[in-house]
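Below: the structure, in structure tokens.
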Amino acid sequence: LESHCERGAPGASVSGYEQLRLPAAKSLQVYCMYGVSDDIASTEYGFHFGVRGDLSDSTAVFKLDHDANDEAQNLRNGIRLGPGDGTVPLPSLAYPCWRWRQPLKSASRKGEKGQAAMGPRLENPASAQVRIREYRSARSSGHPLTKLDRDNHPADEDLLTLVRGGAFASTHVEIMGHRELLYDTLLIVTASKNERQEDQTSGQKRTCSQKPVLDDEIVSGAFELFEDAE
């Protein structure tokens, strides 16, 4: 990745590393908030192509094979379906957030007992704090909003929320009205600016990064797949 970033992708003005890179600011906090469908075959995940022509010359053409079907692999009319938010596949939603959190093992720096020391990844140079919140199309039993609703006896959903899939719709666009996401967003933007952590590395007291308001809420299995791939 580092070598690729130094050279840059052929014909591209911005490499993949630069697109993913966070600002070098320790006070930065990142909250990844996205929906995850309960249907594991809800989103276009891949495509099955057939070859027309001769691969040995330039006459070969790749076309979507609409006759390819395999229910065991969720392949329908040449389109492979998988988990996601109905529009974006789960790996595309989750991978940048997961990668920002991973430390980079450096072979050139040795820690205790000769083991490789851990440093920030190229995409997160200041080791900014990253929190990941995944939302399903249903009320979460452990969310604070659940208790508030129970105590306040909320009214039934009106026509506007029902038209877009309900108050807990987590699909690609409808998630903008997901009640738990809205609640969490308000918590983030209204957090007290006085609740700061002290920097213990310097002789003077000074404010540094604010403690994250929310913890992780990961309901998918995408991160185990990323760890296996690494």
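Naming works like this for the structure tokens: A, B, ... for the chains as they're shown, residue 1 at the start of each chain, ligands 1 onward in shown order.
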Could you produce a table of the residues of segment 34-79 of chain A lying within 12 Å of segment 164-177 of chain A, with the nearest pair of atoms per residue and their separation in Å rounded to one decimal, using only C-alpha atoms, ordered by chain and increasing residue number, as a tab-separated table?
residue	atom	partner	partner_atom	distance
A:Tyr34	CA	A:Ile175	CA	7.6
A:Gly35	CA	A:Ser170	CA	4.6
A:Val36	CA	A:Ser170	CA	6.4
A:Ser37	CA	A:Ser170	CA	6.7
A:Asp38	CA	A:Ser170	CA	9.4
A:Asp39	CA	A:Thr171	CA	11.0
A:Ser42	CA	A:Thr171	CA	9.7
A:Thr43	CA	A:Thr171	CA	10.1
Include N, CA and C atoms and write out the residues we just selected as a compact mmCIF listing (two decimals), in the first residue's frame.
# COMPACT_ATOMS: atom_id res chain seq x y z
N TYR A 34 -23.89 3.48 9.87
CA TYR A 34 -24.49 2.99 8.64
C TYR A 34 -25.45 1.85 8.95
N GLY A 35 -26.32 1.56 7.99
CA GLY A 35 -27.33 0.54 8.18
C GLY A 35 -26.88 -0.83 7.69
N VAL A 36 -27.44 -1.85 8.30
CA VAL A 36 -27.18 -3.24 7.92
C VAL A 36 -28.52 -3.95 7.81
N SER A 37 -28.83 -4.47 6.64
CA SER A 37 -30.10 -5.16 6.44
C SER A 37 -30.11 -6.52 7.14
N ASP A 38 -31.28 -6.92 7.61
CA ASP A 38 -31.43 -8.24 8.21
C ASP A 38 -31.35 -9.35 7.16
N ASP A 39 -31.62 -8.99 5.91
CA ASP A 39 -31.57 -9.95 4.81
C ASP A 39 -30.12 -10.05 4.32
N SER A 42 -29.46 -8.91 0.43
CA SER A 42 -30.24 -7.70 0.15
C SER A 42 -29.59 -6.77 -0.86
N THR A 43 -28.30 -6.97 -1.13
CA THR A 43 -27.52 -5.96 -1.85
C THR A 43 -26.70 -6.60 -2.96
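Atom CA of Gln19 of chain A lies 11.2 Å from atom CA of Leu122 of chain A.
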Worksheet, complete the sentence: Between A:Thr59, A:Leu28, A:Leu225, A:Gln102, smallest distance to Ala126 of chain A by only C-alpha atoms belongs to A:Leu28
Write out as a PDB file with N, CA and C atoms, in the first residue's frame which residues come within 8 Å of Pro125 of chain A when counting only C-alpha atoms, dropping same-chain ones fewer than 5 positions away.
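This went into result-v4.pdb:
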ATOM      1  N   ARG A  21      -7.164   8.664   3.812  1.00  0.00           N
ATOM      2  CA  ARG A  21      -6.375   9.231   4.910  1.00  0.00           C
ATOM      3  C   ARG A  21      -7.167  10.272   5.700  1.00  0.00           C
ATOM      4  N   LEU A  22      -7.109  10.129   7.025  1.00  0.00           N
ATOM      5  CA  LEU A  22      -7.724  11.105   7.924  1.00  0.00           C
ATOM      6  C   LEU A  22      -6.747  12.235   8.204  1.00  0.00           C
ATOM      7  N   PRO A  23      -7.238  13.404   8.606  1.00  0.00           N
ATOM      8  CA  PRO A  23      -6.338  14.490   8.987  1.00  0.00           C
ATOM      9  C   PRO A  23      -5.458  14.092  10.169  1.00  0.00           C
ATOM     10  N   ALA A  24      -4.264  14.625  10.223  1.00  0.00           N
ATOM     11  CA  ALA A  24      -3.324  14.313  11.312  1.00  0.00           C
ATOM     12  C   ALA A  24      -3.666  15.165  12.526  1.00  0.00           C
ATOM     13  N   PRO A 120       0.675   3.921  14.140  1.00  0.00           N
ATOM     14  CA  PRO A 120      -0.553   4.258  13.425  1.00  0.00           C
ATOM     15  C   PRO A 120      -0.489   3.832  11.965  1.00  0.00           C
TER      16      PRO A 120
END
Worksheet item: Looking at only C-alpha atoms, which of A:Asp70, A:Asp216, A:Glu180, A:Asp85 is the one that sits closest to Cys97 of chain A?
Response: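 Among A:Asp70, A:Asp216, A:Glu180, A:Asp85, it is A:Asp216 that comes nearest to Cys97 of chain A.
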Discussion item. With distances taken over only C-alpha atoms, which residue among A:Ile40, A:Ile188, A:Leu181, A:Ala25 lies nearest Gly82 of chain A?
Written reply: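 Smallest separation from Gly82 of chain A among the options: A:Ile40.
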Worksheet item: Can you tell me, as a list in words, what residues are no more than 7 Å from segment 75-79 of chain A when counting only C-alpha atoms, ignoring any on the same chain fewer than 4 positions away?
Response: Glu44, Gly46, Phe47, His48, Leu64, Asp65, His66, Asp67, Ala68, Asn69, Asp70 and Glu71 of chain A
